[in-house]
$ cat model_4.csv   # CSV, C-alpha atoms (C1' of nucleotides)
chain,number,residue,atom,x,y,z
A,5,MET,CA,-45.3,6.7,30.2
A,6,MET,CA,-43.3,9.9,30.1
A,7,GLU,CA,-43.7,10.0,33.9
A,8,SER,CA,-40.3,11.0,35.4
A,9,ARG,CA,-37.9,12.1,32.7
A,10,PRO,CA,-34.4,12.9,33.6
A,11,TYR,CA,-34.6,16.3,31.9
A,12,ALA,CA,-36.2,18.9,34.0
A,13,SER,CA,-36.0,21.8,31.6
A,14,ARG,CA,-37.3,22.1,28.1
A,15,GLU,CA,-33.8,23.3,26.9
A,16,CYS,CA,-32.3,20.0,28.1
A,17,ARG,CA,-34.8,18.0,26.2
A,18,ASP,CA,-34.4,20.0,23.0
A,19,ALA,CA,-30.6,19.8,23.3
A,20,TYR,CA,-30.9,16.1,23.7
A,21,ARG,CA,-33.1,15.8,20.7
A,22,ALA,CA,-30.6,17.6,18.6
A,23,VAL,CA,-27.8,15.3,19.7
A,24,ARG,CA,-30.0,12.3,19.0
A,25,ASP,CA,-30.8,13.6,15.5
A,26,THR,CA,-27.1,13.8,14.8
A,27,LEU,CA,-26.5,10.4,16.2
A,28,ASP,CA,-29.2,8.9,14.1
A,29,VAL,CA,-27.6,10.4,11.0
A,30,VAL,CA,-24.1,9.3,11.6
A,31,SER,CA,-24.6,6.0,13.4
A,32,GLY,CA,-24.6,2.7,11.7
A,33,LYS,CA,-21.9,0.8,9.9
A,34,TRP,CA,-21.8,2.5,6.6
A,35,LYS,CA,-23.1,6.1,6.5
A,36,LEU,CA,-19.9,7.7,7.4
A,37,VAL,CA,-17.9,5.5,5.0
A,38,ILE,CA,-20.2,6.3,2.2
A,39,LEU,CA,-20.1,10.0,2.9
A,40,ALA,CA,-16.3,9.9,3.2
A,41,VAL,CA,-16.0,8.4,-0.3
A,42,LEU,CA,-18.6,10.7,-1.8
A,43,LEU,CA,-16.9,13.7,-0.2
A,44,GLU,CA,-13.8,12.9,-2.2
A,45,GLU,CA,-15.7,12.7,-5.4
A,46,LYS,CA,-19.0,11.6,-6.8
A,47,GLN,CA,-19.5,8.0,-7.6
A,48,ARG,CA,-21.9,5.7,-9.4
A,49,PHE,CA,-23.8,3.0,-7.5
A,50,LYS,CA,-21.7,0.2,-8.7
A,51,GLU,CA,-18.5,2.0,-7.9
A,52,LEU,CA,-19.6,2.6,-4.4
A,53,SER,CA,-20.6,-1.0,-3.9
A,54,ARG,CA,-17.3,-2.3,-5.2
A,55,LYS,CA,-15.1,0.2,-3.5
A,56,ILE,CA,-16.4,-0.2,0.0
A,57,GLY,CA,-17.6,-3.8,-0.3
A,58,ILE,CA,-21.2,-3.4,0.5
A,59,SER,CA,-24.1,-5.4,-0.9
A,60,PRO,CA,-26.6,-3.6,-3.2
A,61,ARG,CA,-29.5,-4.0,-0.9
A,62,ILE,CA,-27.8,-2.3,2.0
A,63,LEU,CA,-26.2,0.4,-0.2
A,64,SER,CA,-29.5,1.2,-1.7
A,65,LYS,CA,-31.1,1.6,1.7
A,66,GLU,CA,-28.3,3.7,3.1
A,67,LEU,CA,-28.3,6.0,0.1
A,68,GLN,CA,-32.0,6.6,0.4
A,69,GLU,CA,-31.7,7.6,4.0
A,70,LEU,CA,-28.8,9.9,3.2
A,71,GLU,CA,-30.8,11.4,0.4
A,72,LEU,CA,-33.8,12.0,2.7
A,73,ASN,CA,-31.4,13.8,5.0
A,74,LYS,CA,-30.1,15.9,2.2
A,75,LEU,CA,-26.6,14.6,2.6
A,76,VAL,CA,-26.3,13.1,-0.9
A,77,THR,CA,-27.9,13.9,-4.2
A,78,ARG,CA,-29.0,11.2,-6.7
A,79,THR,CA,-28.7,12.0,-10.4
A,80,VAL,CA,-29.9,9.7,-13.1
A,81,CYS,CA,-27.6,9.9,-16.1
A,82,ASP,CA,-29.2,9.5,-19.5
A,83,THR,CA,-26.6,7.0,-20.7
A,84,ARG,CA,-27.1,3.7,-22.5
A,85,PRO,CA,-27.8,1.1,-19.8
A,86,VAL,CA,-28.6,4.0,-17.5
A,87,THR,CA,-26.2,5.0,-14.7
A,88,VAL,CA,-26.9,6.9,-11.5
A,89,GLU,CA,-24.4,9.2,-9.8
A,90,TYR,CA,-24.4,10.0,-6.2
A,91,ALA,CA,-22.7,13.1,-4.8
A,92,ALA,CA,-22.2,14.6,-1.3
A,93,THR,CA,-24.1,17.9,-0.8
A,94,GLU,CA,-22.9,21.1,0.9
A,95,HIS,CA,-24.9,20.1,3.9
A,96,ALA,CA,-22.8,16.9,4.1
A,97,GLN,CA,-19.7,19.1,4.4
A,98,THR,CA,-21.1,20.8,7.4
A,99,LEU,CA,-20.6,17.6,9.3
A,100,GLY,CA,-16.9,18.4,9.4
A,101,ASP,CA,-17.0,19.8,12.9
A,102,VAL,CA,-18.7,16.7,14.2
A,103,ILE,CA,-16.3,14.3,12.5
A,104,HIS,CA,-13.4,16.4,13.7
A,105,ALA,CA,-14.6,16.4,17.3
A,106,MET,CA,-15.2,12.6,17.2
A,107,HIS,CA,-11.8,12.1,15.7
A,108,GLN,CA,-10.0,14.1,18.4
A,109,TRP,CA,-11.9,12.5,21.2
A,110,GLY,CA,-11.4,9.0,19.8
A,111,GLN,CA,-7.6,9.6,20.0
A,112,LEU,CA,-7.8,11.0,23.4
A,113,HIS,CA,-10.0,8.1,24.5
A,114,HIS,CA,-7.6,5.5,23.0
A,115,ALA,CA,-4.7,7.1,24.9
A,116,THR,CA,-6.7,7.3,28.1
A,117,ILE,CA,-7.6,3.6,27.8
A,118,VAL,CA,-4.4,2.0,26.7
A,119,GLY,CA,-2.0,4.5,28.3
A,120,GLN,CA,-2.6,2.9,31.7
A,121,PRO,CA,-0.5,0.5,33.9
A,122,ARG,CA,-1.9,-2.9,32.9
A,123,PRO,CA,-5.5,-2.6,31.7
A,124,LYS,CA,-7.6,-4.8,33.9
A,125,THR,CA,-9.1,-7.1,31.4
A,126,SER,CA,-8.5,-8.2,27.8
A,127,GLU,CA,-12.2,-7.5,27.3
A,128,LEU,CA,-11.2,-4.0,26.7
A,129,GLU,CA,-8.7,-4.8,24.0
A,130,ARG,CA,-11.3,-6.7,22.0
A,131,ALA,CA,-13.8,-3.9,22.5
A,132,LEU,CA,-11.4,-1.4,21.0
A,133,GLU,CA,-10.1,-3.6,18.3
A,134,LYS,CA,-13.3,-4.7,16.8
B,2,MET,CA,-11.2,-9.9,2.6
B,3,MET,CA,-9.6,-6.5,3.1
B,4,GLU,CA,-9.0,-6.3,-0.6
B,5,SER,CA,-9.9,-2.9,-1.9
B,6,ARG,CA,-10.5,-0.5,1.0
B,7,PRO,CA,-11.7,3.0,0.4
B,8,TYR,CA,-8.8,4.4,2.4
B,9,ALA,CA,-5.7,4.8,0.5
B,10,SER,CA,-3.5,6.2,3.3
B,11,ARG,CA,-2.7,5.0,6.7
B,12,GLU,CA,-3.7,8.3,8.2
B,13,CYS,CA,-7.2,8.0,6.8
B,14,ARG,CA,-7.6,4.5,8.2
B,15,ASP,CA,-6.4,5.6,11.6
B,16,ALA,CA,-8.6,8.7,11.6
B,17,TYR,CA,-11.5,6.5,10.7
B,18,ARG,CA,-10.7,4.1,13.6
B,19,ALA,CA,-10.7,7.0,16.0
B,20,VAL,CA,-14.1,8.2,14.8
B,21,ARG,CA,-15.5,4.7,15.1
B,22,ASP,CA,-14.1,4.4,18.6
B,23,THR,CA,-16.0,7.5,19.6
B,24,LEU,CA,-19.1,6.3,17.8
B,25,ASP,CA,-19.0,3.0,19.6
B,26,VAL,CA,-18.8,4.8,22.9
B,27,VAL,CA,-21.7,7.2,22.4
B,28,SER,CA,-24.0,5.2,20.2
B,29,GLY,CA,-26.9,3.2,21.5
B,30,LYS,CA,-30.0,4.2,23.2
B,31,TRP,CA,-28.8,4.8,26.8
B,32,LYS,CA,-25.2,5.7,27.1
B,33,LEU,CA,-25.5,9.4,26.7
B,34,VAL,CA,-28.6,9.6,28.8
B,35,ILE,CA,-26.8,7.8,31.7
B,36,LEU,CA,-23.8,10.0,31.3
B,37,ALA,CA,-25.9,13.1,31.3
B,38,VAL,CA,-27.6,12.1,34.6
B,39,LEU,CA,-24.3,11.1,36.2
B,40,LEU,CA,-22.5,14.3,35.1
B,41,GLU,CA,-25.1,16.2,37.1
B,42,GLU,CA,-24.4,14.2,40.2
B,43,LYS,CA,-23.6,10.6,41.2
B,44,GLN,CA,-26.4,8.2,41.6
B,45,ARG,CA,-27.2,4.8,42.9
B,46,PHE,CA,-28.2,1.9,40.7
B,47,LYS,CA,-31.8,2.0,41.6
B,48,GLU,CA,-32.0,5.8,41.3
B,49,LEU,CA,-30.7,5.6,37.8
B,50,SER,CA,-33.0,2.8,36.9
B,51,ARG,CA,-36.0,4.7,38.2
B,52,LYS,CA,-35.1,8.2,36.9
B,53,ILE,CA,-34.5,7.2,33.3
B,54,GLY,CA,-36.9,4.3,33.1
B,55,ILE,CA,-34.5,1.5,32.1
B,56,SER,CA,-34.7,-2.1,33.1
B,57,PRO,CA,-32.0,-3.4,35.5
B,58,ARG,CA,-30.5,-5.8,33.0
B,59,ILE,CA,-29.9,-3.1,30.4
B,60,LEU,CA,-28.7,-0.6,32.9
B,61,SER,CA,-26.2,-3.1,34.3
B,62,LYS,CA,-24.8,-3.9,30.9
B,63,GLU,CA,-24.5,-0.2,29.9
B,64,LEU,CA,-22.8,0.7,33.2
B,65,GLN,CA,-20.3,-2.1,32.7
B,66,GLU,CA,-19.4,-0.9,29.3
B,67,LEU,CA,-19.1,2.7,30.5
B,68,GLU,CA,-16.9,1.5,33.3
B,69,LEU,CA,-14.7,-0.4,30.9
B,70,ASN,CA,-14.3,2.8,29.0
B,71,LYS,CA,-13.4,4.7,32.2
B,72,LEU,CA,-16.4,7.0,31.8
B,73,VAL,CA,-18.0,6.1,35.1
B,74,THR,CA,-16.7,4.7,38.4
B,75,ARG,CA,-18.5,2.1,40.5
B,76,THR,CA,-18.3,2.3,44.2
B,77,VAL,CA,-19.7,-0.3,46.6
B,78,CYS,CA,-21.0,1.4,49.7
B,79,ASP,CA,-20.7,-0.6,53.0
B,80,THR,CA,-24.3,0.2,54.0
B,81,ARG,CA,-26.9,-2.2,55.3
B,82,PRO,CA,-28.5,-3.9,52.3
B,83,VAL,CA,-25.5,-2.7,50.3
B,84,THR,CA,-25.7,0.2,47.8
B,85,VAL,CA,-23.6,1.0,44.8
B,86,GLU,CA,-22.8,4.5,43.6
B,87,TYR,CA,-22.0,5.4,40.1
B,88,ALA,CA,-20.2,8.6,39.2
B,89,ALA,CA,-19.0,10.2,36.0
B,90,THR,CA,-15.2,10.5,35.6
B,91,GLU,CA,-13.1,13.4,34.5
B,92,HIS,CA,-12.7,11.5,31.2
B,93,ALA,CA,-16.4,11.6,30.7
B,94,GLN,CA,-16.3,15.3,30.9
B,95,THR,CA,-13.9,15.5,28.0
B,96,LEU,CA,-16.8,14.3,25.9
B,97,GLY,CA,-18.1,17.8,26.1
B,98,ASP,CA,-16.7,18.9,22.7
B,99,VAL,CA,-18.2,16.0,20.9
B,100,ILE,CA,-21.6,16.5,22.5
B,101,HIS,CA,-21.5,20.2,21.7
B,102,ALA,CA,-20.6,19.6,18.1
B,103,MET,CA,-23.4,17.0,17.8
B,104,HIS,CA,-25.8,19.4,19.4
B,105,GLN,CA,-24.9,22.3,17.1
B,106,TRP,CA,-25.1,20.2,14.0
B,107,GLY,CA,-28.3,18.6,15.1
B,108,GLN,CA,-29.9,22.0,15.2
B,109,LEU,CA,-28.4,23.0,11.8
B,110,HIS,CA,-29.6,19.7,10.4
B,111,HIS,CA,-33.1,20.2,11.6
B,112,ALA,CA,-33.3,23.6,10.2
B,113,THR,CA,-31.9,22.4,6.9
B,114,ILE,CA,-34.4,19.7,6.7
B,115,VAL,CA,-37.6,21.3,7.8
B,116,GLY,CA,-36.8,24.8,6.6
B,117,GLN,CA,-37.6,23.8,3.1
B,118,PRO,CA,-40.6,24.5,0.8
B,119,ARG,CA,-42.7,21.4,1.3
B,120,PRO,CA,-40.6,18.4,2.4
B,121,LYS,CA,-41.1,15.7,-0.2
B,122,THR,CA,-42.3,12.9,1.9
B,123,SER,CA,-43.8,12.4,5.4
B,124,GLU,CA,-41.2,9.6,5.7
B,125,LEU,CA,-38.9,12.3,6.8
B,126,GLU,CA,-41.1,13.6,9.6
B,127,ARG,CA,-41.4,10.2,11.1
B,128,ALA,CA,-37.6,9.7,10.8
B,129,LEU,CA,-37.0,12.9,12.7
B,130,GLU,CA,-39.7,12.6,15.3
B,131,LYS,CA,-38.9,9.1,16.4
C,13,DC,C1',-30.6,-3.3,46.7
C,14,DG,C1',-27.7,-4.7,42.9
C,15,DG,C1',-27.5,-7.5,39.2
C,16,DC,C1',-27.7,-11.9,36.7
C,17,DA,C1',-30.5,-15.6,33.9
C,18,DT,C1',-34.0,-16.6,30.8
C,19,DC,C1',-36.9,-15.7,27.2
C,20,DC,C1',-38.6,-12.7,23.6
C,21,DA,C1',-39.5,-8.8,19.9
C,22,DC,C1',-37.5,-5.9,16.8
C,23,DT,C1',-33.8,-4.0,14.2
C,24,DT,C1',-29.6,-4.3,11.5
C,25,DG,C1',-26.7,-6.1,8.2
C,26,DG,C1',-25.8,-9.6,4.7
C,27,DA,C1',-26.1,-13.4,0.7
C,28,DT,C1',-28.3,-14.4,-3.2
C,29,DA,C1',-31.3,-14.2,-7.0
C,30,DC,C1',-34.0,-11.6,-9.9
C,31,DT,C1',-36.2,-7.5,-12.8
C,32,DG,C1',-36.3,-3.2,-15.7
D,3,DC,C1',-26.2,-1.1,-14.3
D,4,DA,C1',-29.4,0.1,-10.6
D,5,DG,C1',-32.3,-1.5,-7.5
D,6,DT,C1',-35.7,-4.8,-5.3
D,7,DA,C1',-37.3,-9.3,-3.1
D,8,DT,C1',-36.5,-13.1,-0.2
D,9,DC,C1',-34.5,-15.2,3.3
D,10,DC,C1',-31.5,-15.3,7.2
D,11,DA,C1',-27.9,-14.5,11.1
D,12,DA,C1',-26.6,-11.7,14.7
D,13,DG,C1',-27.2,-7.9,17.7
D,14,DT,C1',-29.8,-4.8,20.7
D,15,DG,C1',-33.2,-3.6,23.9
D,16,DG,C1',-36.8,-5.3,27.0
D,17,DA,C1',-39.9,-8.0,30.6
D,18,DT,C1',-39.8,-10.9,34.3
D,19,DG,C1',-38.2,-13.7,37.9
D,20,DC,C1',-34.6,-15.1,41.0
D,21,DC,C1',-30.7,-14.8,44.2
D,22,DG,C1',-27.1,-13.1,47.5

$ encode --input "model_4.csv" --output "structure tokens"
Amino acid sequence: MMESRPYASRECRDAYRAVRDTLDVVSGKWKLVILAVLLEEKQRFKELSRKIGISPRILSKELQELELNKLVTRTVCDTRPVTVEYAATEHAQTLGDVIHAMHQWGQLHHATIVGQPRPKTSELERALEK
Amino acid sequence: MMESRPYASRECRDAYRAVRDTLDVVSGKWKLVILAVLLEEKQRFKELSRKIGISPRILSKELQELELNKLVTRTVCDTRPVTVEYAATEHAQTLGDVIHAMHQWGQLHHATIVGQPRPKTSELERALEK
DNA sequence: CGGCATCCACTTGGATACTG
DNA sequence: CAGTATCCAAGTGGATGCCG
């Protein structure tokens, strides 16, 4: 494999890797939701689970990945039944530009798609509504 | 369902929808690769398939989604066995800011992660190398 | 050549029950 | 409370063959 790659230059491949890294971090159903909540204020495991309606198994997995990527910190509190607090890191805040760009383009895209004389199929509606 | 959502305000929900729309468009294994190639110059189906090493079935599906989102155009050429040309649209070019932001942050992220005294686990390496 | 149909492997997300 | 184990449903990506 690796015969004919679409990227002639090393710079292109590296650029693509960087984009993919970002995509890996923000993709998925929950990562951005969790980060959004934690960026407002730190939360305990159960609070997160309840607030965003996510099962413990998934939440645990997501938080571990976010912690590996240094986007959240995990702090065990020495309380009675033991609680754990999760908080967004400074590094998580640097995601702002990416979120903003995606927010802007999402709006532009929506306008581009629905602001047309009779969209061809209803396929599209469903795709955007989901 | 829809009981307790983490988004108090309407603005937040709308912002999140816009971000999700963008994510839906650029996520996945191939969409950005296809767009990158088509942004350089228009290509025929087979050329695309060969250049980036993707099976016809997947390529077809991806192209249809991209066309629905007005990111590529599909042109049937009246040649002998019949060829089809795909080209990136102007709308596809507006994705530039998003890509750029993801590129920048991807680099920052990589530096943040690997530029540390002894990363805890080798988990991380694999996560970033894949 | 373009692209659909079939079948299949792997991943993602989820419900539930259980442990320290 | 925090987190794991099990089991499971659905989605995604892929190989191969066929057809106009």

$ closest_atom_pairs --input "model_4.csv" --of "chain C" --to "chain A" --cutoff "10 Å" --atoms "all atoms listed in the file" --output "Markdown table"
| residue | atom | partner | partner_atom | distance |
| --- | --- | --- | --- | --- |
| C:DT24 | C1' | A:Gly32 | CA | 8.6 |
| C:DG25 | C1' | A:Ile62 | CA | 7.4 |
| C:DG26 | C1' | A:Ser59 | CA | 7.2 |
| C:DA27 | C1' | A:Ser59 | CA | 8.4 |

$ residues_around --input "model_4.csv" --residues "Arg45 of chain B" --least-positions-apart "6" --cutoff "10 Å" --atoms "all atoms listed in the file" --output "PyMOL selection string"
(chain B and resi 39+51+75-78+84-88) or (chain C and resi 13-14)

$ write_last_selection --input "model_4.csv" --atoms "C-alpha atoms (C1' of nucleotides)" --output "compact mmCIF listing (two decimals), in the frame of the given file"
# COMPACT_ATOMS: atom_id res chain seq x y z
CA LEU B 39 -24.30 11.10 36.20
CA ARG B 51 -36.00 4.70 38.20
CA ARG B 75 -18.50 2.10 40.50
CA THR B 76 -18.30 2.30 44.20
CA VAL B 77 -19.70 -0.30 46.60
CA CYS B 78 -21.00 1.40 49.70
CA THR B 84 -25.70 0.20 47.80
CA VAL B 85 -23.60 1.00 44.80
CA GLU B 86 -22.80 4.50 43.60
CA TYR B 87 -22.00 5.40 40.10
CA ALA B 88 -20.20 8.60 39.20
C1' DC C 13 -30.60 -3.30 46.70
C1' DG C 14 -27.70 -4.70 42.90

$ interface_residues --input "model_4.csv" --of "chain B" --to "chain A" --cutoff "8 Å" --atoms "all atoms listed in the file" --output "PyMOL selection string"
chain B and resi 5-7+16-24+28+38+52-54+69-71+92+95-96+98-100+102-108+110-111+113-114+125+129

$ atom_distance --input "model_4.csv" --atom1 "atom CA of Ser10 of chain B" --atom2 "atom CA of Glu71 of chain A"
27.9 Å

$ closest_residue --input "model_4.csv" --among "D:DG22, D:DC10, D:DG5, D:DA17" --to "DG32 of chain C" --atoms "only C-alpha atoms (C1' of nucleotides)"
D:DG5

$ atom_distance --input "model_4.csv" --atom1 "atom CA of Glu94 of chain A" --atom2 "atom CA of Leu39 of chain A"
11.6 Å

$ interface_residues --input "model_4.csv" --of "chain D" --to "chain B" --cutoff "12 Å" --atoms "only C-alpha atoms (C1' of nucleotides)" --output "count of residues only"
7

$ atom_distance --input "model_4.csv" --atom1 "atom CA of Pro85 of chain A" --atom2 "atom CA of Lys35 of chain A"
27.2 Å

$ residues_around --input "model_4.csv" --residues "DC20 of chain D" --least-positions-apart "6" --cutoff "12 Å" --atoms "only C-alpha atoms (C1' of nucleotides)" --output "PyMOL selection string"
chain C and resi 15-18

$ write_last_selection --input "model_4.csv" --atoms "C-alpha atoms (C1' of nucleotides)" --output "PDB file, in the frame of the given file"
ATOM      1  C1'  DG C  15     -27.500  -7.500  39.200  1.00  0.00           C
ATOM      2  C1'  DC C  16     -27.700 -11.900  36.700  1.00  0.00           C
ATOM      3  C1'  DA C  17     -30.500 -15.600  33.900  1.00  0.00           C
ATOM      4  C1'  DT C  18     -34.000 -16.600  30.800  1.00  0.00           C
TER       5       DT C  18
END

$ decode --input "model_4.csv" --residues "chain D" --atoms "N, CA and C atoms (P, O5', C5', C4', C3', O3' and C1' of nucleotides)" --output "mmCIF file, in the first residue's frame"
data_model
loop_
_atom_site.group_PDB
_atom_site.id
_atom_site.type_symbol
_atom_site.label_atom_id
_atom_site.label_comp_id
_atom_site.auth_asym_id
_atom_site.auth_seq_id
_atom_site.Cartn_x
_atom_site.Cartn_y
_atom_site.Cartn_z
ATOM 1 P P DC D 3 -25.488 9.770 43.762
ATOM 2 O "O5'" DC D 3 -23.933 9.397 43.912
ATOM 3 C "C5'" DC D 3 -23.137 10.289 44.676
ATOM 4 C "C4'" DC D 3 -21.682 10.112 44.302
ATOM 5 C "C3'" DC D 3 -21.429 10.197 42.798
ATOM 6 O "O3'" DC D 3 -20.213 10.901 42.551
ATOM 7 C "C1'" DC D 3 -20.815 8.037 43.594
ATOM 8 P P DA D 4 -19.727 11.241 41.015
ATOM 9 O "O5'" DA D 4 -18.769 10.024 40.642
ATOM 10 C "C5'" DA D 4 -17.589 9.838 41.409
ATOM 11 C "C4'" DA D 4 -16.805 8.660 40.890
ATOM 12 C "C3'" DA D 4 -16.587 8.657 39.375
ATOM 13 O "O3'" DA D 4 -15.227 8.361 39.117
ATOM 14 C "C1'" DA D 4 -17.614 6.627 40.061
ATOM 15 P P DG D 5 -14.679 8.402 37.584
ATOM 16 O "O5'" DG D 5 -14.890 6.903 37.149
ATOM 17 C "C5'" DG D 5 -14.218 5.890 37.932
ATOM 18 C "C4'" DG D 5 -14.735 4.533 37.522
ATOM 19 C "C3'" DG D 5 -14.644 4.255 36.026
ATOM 20 O "O3'" DG D 5 -13.601 3.316 35.829
ATOM 21 C "C1'" DG D 5 -16.621 3.384 37.017
ATOM 22 P P DT D 6 -13.285 2.767 34.342
ATOM 23 O "O5'" DT D 6 -13.867 1.270 34.408
ATOM 24 C "C5'" DT D 6 -13.552 0.455 35.533
ATOM 25 C "C4'" DT D 6 -14.351 -0.838 35.462
ATOM 26 C "C3'" DT D 6 -14.246 -1.554 34.113
ATOM 27 O "O3'" DT D 6 -13.943 -2.920 34.373
ATOM 28 C "C1'" DT D 6 -16.523 -1.257 34.720
ATOM 29 P P DA D 7 -13.619 -3.913 33.166
ATOM 30 O "O5'" DA D 7 -14.954 -4.774 33.038
ATOM 31 C "C5'" DA D 7 -15.656 -5.217 34.197
ATOM 32 C "C4'" DA D 7 -16.730 -6.215 33.796
ATOM 33 C "C3'" DA D 7 -16.513 -6.888 32.451
ATOM 34 O "O3'" DA D 7 -17.008 -8.225 32.517
ATOM 35 C "C1'" DA D 7 -18.493 -5.565 32.375
ATOM 36 P P DT D 8 -16.787 -9.238 31.275
ATOM 37 O "O5'" DT D 8 -18.265 -9.394 30.697
ATOM 38 C "C5'" DT D 8 -19.358 -8.992 31.519
ATOM 39 C "C4'" DT D 8 -20.685 -9.117 30.782
ATOM 40 C "C3'" DT D 8 -20.640 -9.703 29.369
ATOM 41 O "O3'" DT D 8 -21.720 -10.610 29.214
ATOM 42 C "C1'" DT D 8 -21.661 -7.573 29.312
ATOM 43 P P DC D 9 -21.808 -11.557 27.927
ATOM 44 O "O5'" DC D 9 -23.000 -10.850 27.142
ATOM 45 C "C5'" DC D 9 -24.135 -10.371 27.874
ATOM 46 C "C4'" DC D 9 -24.965 -9.476 26.982
ATOM 47 C "C3'" DC D 9 -24.994 -9.927 25.516
ATOM 48 O "O3'" DC D 9 -26.332 -10.041 25.083
ATOM 49 C "C1'" DC D 9 -24.458 -7.619 25.682
ATOM 50 P P DC D 10 -26.656 -10.414 23.562
ATOM 51 O "O5'" DC D 10 -26.985 -8.991 22.954
ATOM 52 C "C5'" DC D 10 -27.833 -8.070 23.654
ATOM 53 C "C4'" DC D 10 -28.005 -6.814 22.824
ATOM 54 C "C3'" DC D 10 -28.157 -7.083 21.322
ATOM 55 O "O3'" DC D 10 -29.220 -6.324 20.819
ATOM 56 C "C1'" DC D 10 -26.426 -5.524 21.714
ATOM 57 P P DA D 11 -29.878 -6.657 19.454
ATOM 58 O "O5'" DA D 11 -30.021 -5.222 18.785
ATOM 59 C "C5'" DA D 11 -30.520 -4.119 19.547
ATOM 60 C "C4'" DA D 11 -30.184 -2.829 18.820
ATOM 61 C "C3'" DA D 11 -30.416 -2.886 17.316
ATOM 62 O "O3'" DA D 11 -31.076 -1.696 16.906
ATOM 63 C "C1'" DA D 11 -28.138 -2.335 17.777
ATOM 64 P P DA D 12 -31.504 -1.556 15.395
ATOM 65 O "O5'" DA D 12 -30.494 -0.471 14.823
ATOM 66 C "C5'" DA D 12 -30.125 0.631 15.648
ATOM 67 C "C4'" DA D 12 -28.909 1.308 15.064
ATOM 68 C "C3'" DA D 12 -28.938 1.451 13.537
ATOM 69 O "O3'" DA D 12 -28.784 2.814 13.224
ATOM 70 C "C1'" DA D 12 -26.851 0.584 14.271
ATOM 71 P P DG D 13 -28.738 3.285 11.687
ATOM 72 O "O5'" DG D 13 -27.204 3.676 11.469
ATOM 73 C "C5'" DG D 13 -26.559 4.470 12.457
ATOM 74 C "C4'" DG D 13 -25.066 4.510 12.173
ATOM 75 C "C3'" DG D 13 -24.710 4.838 10.718
ATOM 76 O "O3'" DG D 13 -23.704 5.853 10.716
ATOM 77 C "C1'" DG D 13 -23.631 2.836 11.388
ATOM 78 P P DT D 14 -23.298 6.566 9.298
ATOM 79 O "O5'" DT D 14 -21.844 5.969 9.047
ATOM 80 C "C5'" DT D 14 -20.926 5.881 10.142
ATOM 81 C "C4'" DT D 14 -19.683 5.140 9.702
ATOM 82 C "C3'" DT D 14 -19.266 5.428 8.252
ATOM 83 O "O3'" DT D 14 -17.880 5.707 8.246
ATOM 84 C "C1'" DT D 14 -19.407 3.106 8.614
ATOM 85 P P DG D 15 -17.238 6.334 6.916
ATOM 86 O "O5'" DG D 15 -16.393 5.087 6.408
ATOM 87 C "C5'" DG D 15 -15.467 4.489 7.298
ATOM 88 C "C4'" DG D 15 -14.951 3.192 6.716
ATOM 89 C "C3'" DG D 15 -14.516 3.288 5.248
ATOM 90 O "O3'" DG D 15 -13.231 2.689 5.123
ATOM 91 C "C1'" DG D 15 -16.034 1.497 5.557
ATOM 92 P P DG D 16 -12.557 2.611 3.698
ATOM 93 O "O5'" DG D 16 -12.841 1.101 3.272
ATOM 94 C "C5'" DG D 16 -12.438 0.051 4.155
ATOM 95 C "C4'" DG D 16 -12.760 -1.285 3.537
ATOM 96 C "C3'" DG D 16 -12.426 -1.407 2.045
ATOM 97 O "O3'" DG D 16 -11.639 -2.570 1.845
ATOM 98 C "C1'" DG D 16 -14.601 -2.180 2.477
ATOM 99 P P DA D 17 -10.936 -2.791 0.421
ATOM 100 O "O5'" DA D 17 -11.486 -4.219 -0.039
ATOM 101 C "C5'" DA D 17 -11.758 -5.252 0.912
ATOM 102 C "C4'" DA D 17 -12.312 -6.477 0.202
ATOM 103 C "C3'" DA D 17 -11.852 -6.630 -1.244
ATOM 104 O "O3'" DA D 17 -11.683 -8.014 -1.545
ATOM 105 C "C1'" DA D 17 -14.209 -6.313 -1.169
ATOM 106 P P DT D 18 -11.129 -8.430 -2.987
ATOM 107 O "O5'" DT D 18 -12.470 -8.840 -3.741
ATOM 108 C "C5'" DT D 18 -13.476 -9.576 -3.045
ATOM 109 C "C4'" DT D 18 -14.731 -9.681 -3.913
ATOM 110 C "C3'" DT D 18 -14.453 -9.751 -5.424
ATOM 111 O "O3'" DT D 18 -15.009 -10.951 -5.940
ATOM 112 C "C1'" DT D 18 -16.192 -8.226 -4.928
ATOM 113 P P DG D 19 -14.812 -11.299 -7.506
ATOM 114 O "O5'" DG D 19 -16.298 -11.158 -8.053
ATOM 115 C "C5'" DG D 19 -17.393 -11.565 -7.241
ATOM 116 C "C4'" DG D 19 -18.700 -11.090 -7.860
ATOM 117 C "C3'" DG D 19 -18.719 -11.156 -9.390
ATOM 118 O "O3'" DG D 19 -19.988 -11.627 -9.821
ATOM 119 C "C1'" DG D 19 -19.193 -8.961 -8.682
ATOM 120 P P DC D 20 -20.278 -11.942 -11.367
ATOM 121 O "O5'" DC D 20 -21.420 -10.897 -11.768
ATOM 122 C "C5'" DC D 20 -22.523 -10.704 -10.895
ATOM 123 C "C4'" DC D 20 -23.291 -9.459 -11.310
ATOM 124 C "C3'" DC D 20 -23.476 -9.323 -12.837
ATOM 125 O "O3'" DC D 20 -24.822 -9.004 -13.122
ATOM 126 C "C1'" DC D 20 -22.511 -7.352 -11.961
ATOM 127 P P DC D 21 -25.402 -9.228 -14.627
ATOM 128 O "O5'" DC D 21 -26.427 -8.022 -14.770
ATOM 129 C "C5'" DC D 21 -26.548 -7.052 -13.758
ATOM 130 C "C4'" DC D 21 -26.636 -5.658 -14.370
ATOM 131 C "C3'" DC D 21 -26.760 -5.620 -15.896
ATOM 132 O "O3'" DC D 21 -27.684 -4.613 -16.262
ATOM 133 C "C1'" DC D 21 -24.937 -4.314 -15.250
ATOM 134 P P DG D 22 -28.490 -4.575 -17.649
ATOM 135 O "O5'" DG D 22 -28.373 -3.047 -18.118
ATOM 136 C "C5'" DG D 22 -28.787 -2.000 -17.264
ATOM 137 C "C4'" DG D 22 -28.161 -0.705 -17.715
ATOM 138 C "C3'" DG D 22 -28.254 -0.455 -19.215
ATOM 139 O "O3'" DG D 22 -28.476 0.924 -19.450
ATOM 140 C "C1'" DG D 22 -25.990 -0.488 -18.554
#
